[in-house]
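Enquirer: The following block contains the structure, expressed as structure tokens.
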Amino acid sequence: MVELPPLRNDLLLRAARGEKTERAPVWIMRQAGRYLPEFRALRANHEFFEICRTPELATEITLQPIRRYSGLIDASIIFSDILVIPQAMGMEVLMNPGPSFPDPLNIPADVAKLRQNVDVEKELGYVFKAITQTRIELKGEVPLIGFCGAPWTLFAYMIEGGGSKTFTKAKTWLFKYPKESEALLIQIADVCVDFLVGQVKAGAQLLQVFDSWAGELSPHDFALFSLPTLRHISKGVREKLANQNIPQVPMTLFAKGANYALGELAQDSGYDVLGLDWCIEPSVARRTVNGKVALQGNMDPNVLYGGREAIESAVKRMCKEFQDGINGGVSAWIANLGHGITPGVDPEDVRWYFECIHKYSASKQ
Ligand SMILES: Cc1c2[nH]c(c1CCC(=O)O)Cc1[nH]c(c(CCC(=O)O)c1C)Cc1[nH]c(c(CCC(=O)O)c1C)Cc1[nH]c(c(C)c1CCC(=O)O)C2
């Protein structure tokens with residue numbers, strides 16, 4: 001491993017480990033994205049996956065929000081996409097403008113077309129290079145988050161061939177071919193484990209798993225088809241890091257829409273932080289997880305379209321909901337949105353959001 005600059009702002013890592021912090025660390029999902037003019041300018045000249053595969057470009061985009069919001073933002077997240085795993089498994093994925101798979105998995109026999117035993121160094125080494133380069137260029141200003149998609153969410157894309165409103169095809173697999181589905185889900189989870197371990201080796205300081213479609217499953221089916229693969233990932237990553245004498249990093253799970261499973265996820269899923277969407281009151285989430293994990297979230301991203309007053313009052317209320325009442329500080333909370341930021345938000349309103357988090361989450365000594 002190359003020598004990387006030491007971290008100068010560890011607020012995110014302390015909160016992720018469950019510590020009370022002087023104020024909430026803050027970052028936003030999709031913080032390097034289309035709402036930023038500097039992103040759109042670079043994106044105008046390059047294909048989406050070309051940027052992902054070119055470490056210099058991925059590094060540059062990762063750093064854009066860090067530069068713009070220097071001193072206000074407490075984490076960077078490597079610029080990439082959850083769909084690089086299906087690509088590593090041998091599938092073609094286009095982005096036009098949403099993701100689309102020209103040749104999705106139609107029947108279980110199609111799984112044979114996938115690359116077995118994926119060599120992540122070979123297929124995804126470009127992400128590792130981007131991570132190391134970003135760590136060097138960050139000069140320790142904020143920690144760098146690595147990530148991957150959760151098996152159920154990736155399975156859904158690989159079978160639907162893109163986004164979906166009904167998930168009919170993916171669910172046909174679950175209910176018609178449950179054994180084959182479980183096998184494919186674990187096959188994906190194994191790639192996730194190696195990919196996440198490789199990201200830590202390259203310099204990622206926290207890992208986040210995105211189960212964006214968790215809320216499409218019933219609680220029963222989430223427990224049957226998604227949760228075992230999420231556990232497989234947390235356990236597998238920790239074991240592989242331990243075996244290779246690599247220090248552990250905190251792990252976050254964002255299972256969007258799976259608020260029904262919060263209690264169980266907090267108990268024993270192996271994640272240190274649970275991400276929340278905006279459909280649950282923070283105070284309810286706090287009671288449910290009962291101090292067993294840190295929480296991340298959860299303002300509705302659309303509040304950012306509502307102007308400064310709306311943003312301030314939503315942040316103020318959210319901070320109060322997450323506060324533990326001792327001296328107004330926050331315990332184990334990472335401020336974020338409840339999902340990714342969308343195009344069209346004014347970057348200056350995002351600055352205001354960060355400023356409000358700093359103001360209202362600070363402990364009053
Ligand atoms: C489901 C999912 C995807 N990708 C991702 C998820 C999980 C999180 C979530 O639920 O939103 C995760 C993701 N995608 C991207 C990141 C980069 C890091 C970050 O800034 O958060 C991360 C963490 C960049 C991106 N990924 C994508 C863009 C925009 C594409 C563009 O530049 O044209 C960015 C900045 C494209 C993408 N990628 C995906 C979709 C559905 C789309 C198109 C629609 C959309 O933009 O929201 C798949």
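Chain lettering (A, B, ...) mirrors the order of the structure tokens, residue numbering begins at 1 for each chain separately, and ligand numbering begins at 1 in order of display.
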Using only C-alpha atoms and all ligand atoms, find each protein or nucleic acid residue lying at most 6 Å from ligand 1; present the set as a ChimeraX atom specification.

Expert: /A:29-33,48,77-82,97-99,210,212,340

Enquirer: Restrict the selected residues to C-alpha atoms and save them as a PDB file, in the first residue's frame.

Expert:
```
ATOM      1  CA  MET A  29     -25.513  11.487  -1.682  1.00  0.00           C
ATOM      2  CA  ARG A  30     -24.703  12.343  -5.355  1.00  0.00           C
ATOM      3  CA  GLN A  31     -22.789  15.394  -4.143  1.00  0.00           C
ATOM      4  CA  ALA A  32     -20.695  15.266  -7.317  1.00  0.00           C
ATOM      5  CA  GLY A  33     -23.516  15.414  -9.816  1.00  0.00           C
ATOM      6  CA  PHE A  48     -20.632   8.695 -18.049  1.00  0.00           C
ATOM      7  CA  ILE A  77     -17.445   9.773  -2.026  1.00  0.00           C
ATOM      8  CA  ILE A  78     -15.594   8.264  -4.951  1.00  0.00           C
ATOM      9  CA  PHE A  79     -17.194   9.091  -8.278  1.00  0.00           C
ATOM     10  CA  SER A  80     -18.375   5.821  -9.807  1.00  0.00           C
ATOM     11  CA  ASP A  81     -21.665   3.920 -10.069  1.00  0.00           C
ATOM     12  CA  ILE A  82     -23.262   0.851  -8.539  1.00  0.00           C
ATOM     13  CA  PRO A  97     -29.768   9.059 -19.833  1.00  0.00           C
ATOM     14  CA  GLY A  98     -30.789   6.372 -17.308  1.00  0.00           C
ATOM     15  CA  PRO A  99     -29.064   2.984 -17.087  1.00  0.00           C
ATOM     16  CA  PHE A 210     -26.709   1.088  -1.469  1.00  0.00           C
ATOM     17  CA  SER A 212     -31.888   1.468  -3.340  1.00  0.00           C
ATOM     18  CA  GLY A 340     -29.434  11.560  -3.808  1.00  0.00           C
TER      19      GLY A 340
END
```

Enquirer: List the neighbours of Arg135 (chain A) out to 9 Å using only C-alpha atoms; skip same-chain residues closer than 2 positions along the sequence, and give me the result as a ChimeraX atom specification.

Expert: /A:4-5,59,130-133,137-140,143-144,202-204

Enquirer: With N, CA and C atoms kept, could you save the residues just selected as a compact mmCIF listing (two decimals), in the first residue's frame?

Expert:
```txt
# COMPACT_ATOMS: atom_id res chain seq x y z
N LEU A 4 -0.44 7.25 2.39
CA LEU A 4 -1.45 8.25 2.04
C LEU A 4 -1.47 9.36 3.09
N PRO A 5 -1.84 10.58 2.68
CA PRO A 5 -1.83 11.69 3.65
C PRO A 5 -2.75 11.41 4.84
N THR A 59 -11.37 11.29 -10.25
CA THR A 59 -10.78 12.04 -9.13
C THR A 59 -11.21 13.50 -9.20
N ALA A 130 -8.56 5.26 -8.96
CA ALA A 130 -9.21 6.56 -8.71
C ALA A 130 -9.25 6.85 -7.21
N ILE A 131 -9.48 5.80 -6.41
CA ILE A 131 -9.54 5.99 -4.96
C ILE A 131 -8.17 6.44 -4.43
N THR A 132 -7.13 5.76 -4.85
CA THR A 132 -5.79 6.12 -4.36
C THR A 132 -5.42 7.54 -4.80
N GLN A 133 -5.72 7.84 -6.06
CA GLN A 133 -5.39 9.18 -6.55
C GLN A 133 -6.18 10.26 -5.80
N GLU A 137 -4.87 13.45 -3.60
CA GLU A 137 -5.22 14.84 -3.90
C GLU A 137 -6.07 15.51 -2.83
N LEU A 138 -6.76 14.70 -2.01
CA LEU A 138 -7.54 15.26 -0.91
C LEU A 138 -6.64 15.83 0.19
N LYS A 139 -5.42 15.35 0.23
CA LYS A 139 -4.44 15.79 1.25
C LYS A 139 -5.01 15.71 2.67
N GLY A 140 -5.86 14.73 2.90
CA GLY A 140 -6.38 14.53 4.26
C GLY A 140 -7.48 15.50 4.67
N PRO A 143 -12.43 12.52 4.87
CA PRO A 143 -12.30 11.10 4.52
C PRO A 143 -12.96 10.78 3.18
N LEU A 144 -12.55 9.66 2.59
CA LEU A 144 -13.09 9.21 1.31
C LEU A 144 -13.93 7.95 1.50
N ALA A 202 -7.17 0.29 -1.41
CA ALA A 202 -6.78 1.44 -2.23
C ALA A 202 -6.87 2.76 -1.47
N GLY A 203 -7.54 2.76 -0.30
CA GLY A 203 -7.59 3.98 0.49
C GLY A 203 -8.96 4.44 0.96
N ALA A 204 -10.03 3.69 0.67
CA ALA A 204 -11.37 4.10 1.15
C ALA A 204 -11.41 3.98 2.67
```

Enquirer: With only C-alpha atoms as the counted atoms, please give the residues lying no more than 12 Å from Trp173 (chain A), apart from itself and same-chain residues fewer than 5 positions off, as a VMD selection string.

Expert: chain A and resid 105 to 109 152 155 to 156 158 to 160 167 to 168 178 to 185 225

Enquirer: Output the selection as a short mmCIF file (atom, residue, chain, number, x, y, z; two decimals), in the first residue's frame - C-alpha atoms for each residue.

Expert:
```cif
data_model
loop_
_atom_site.label_atom_id
_atom_site.label_comp_id
_atom_site.auth_asym_id
_atom_site.auth_seq_id
_atom_site.Cartn_x
_atom_site.Cartn_y
_atom_site.Cartn_z
CA LEU A 105 -30.79 -11.76 -17.81
CA ASN A 106 -34.11 -13.22 -18.96
CA ILE A 107 -34.04 -16.75 -17.61
CA PRO A 108 -31.82 -18.51 -15.05
CA ALA A 109 -29.84 -20.22 -17.85
CA TRP A 152 -30.91 -7.23 -4.55
CA PHE A 155 -30.05 -8.21 -9.38
CA ALA A 156 -33.09 -6.05 -10.17
CA MET A 158 -29.53 -7.00 -14.29
CA ILE A 159 -32.92 -8.66 -14.84
CA GLU A 160 -35.12 -5.64 -15.55
CA PHE A 167 -40.12 -4.86 -10.78
CA THR A 168 -42.20 -7.54 -12.46
CA PRO A 178 -36.18 -18.78 -5.67
CA LYS A 179 -33.18 -21.14 -5.52
CA GLU A 180 -31.61 -19.77 -8.71
CA SER A 181 -32.31 -16.23 -7.46
CA GLU A 182 -30.60 -16.91 -4.13
CA ALA A 183 -27.60 -18.36 -5.96
CA LEU A 184 -27.29 -15.33 -8.23
CA LEU A 185 -27.72 -12.94 -5.29
CA PHE A 225 -33.65 -12.39 -0.32
#
```

Enquirer: Nearest to Arg14 (chain A) among A:Gly291, A:Pro343, A:Pro250, A:Gly297, with distances taken over only C-alpha atoms: which residue is it?

Expert: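 When distances to Arg14 (chain A) are compared using only C-alpha atoms, the smallest one comes from A:Pro250.
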
Enquirer: For a quick check of understanding, using only C-alpha atoms, which of A:Ile66, A:Ala214, A:Ile311, A:Leu241 has the smallest distance to Leu196 (chain A)?

Expert: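 For Leu196 (chain A), the nearest of the given residues is A:Leu241.
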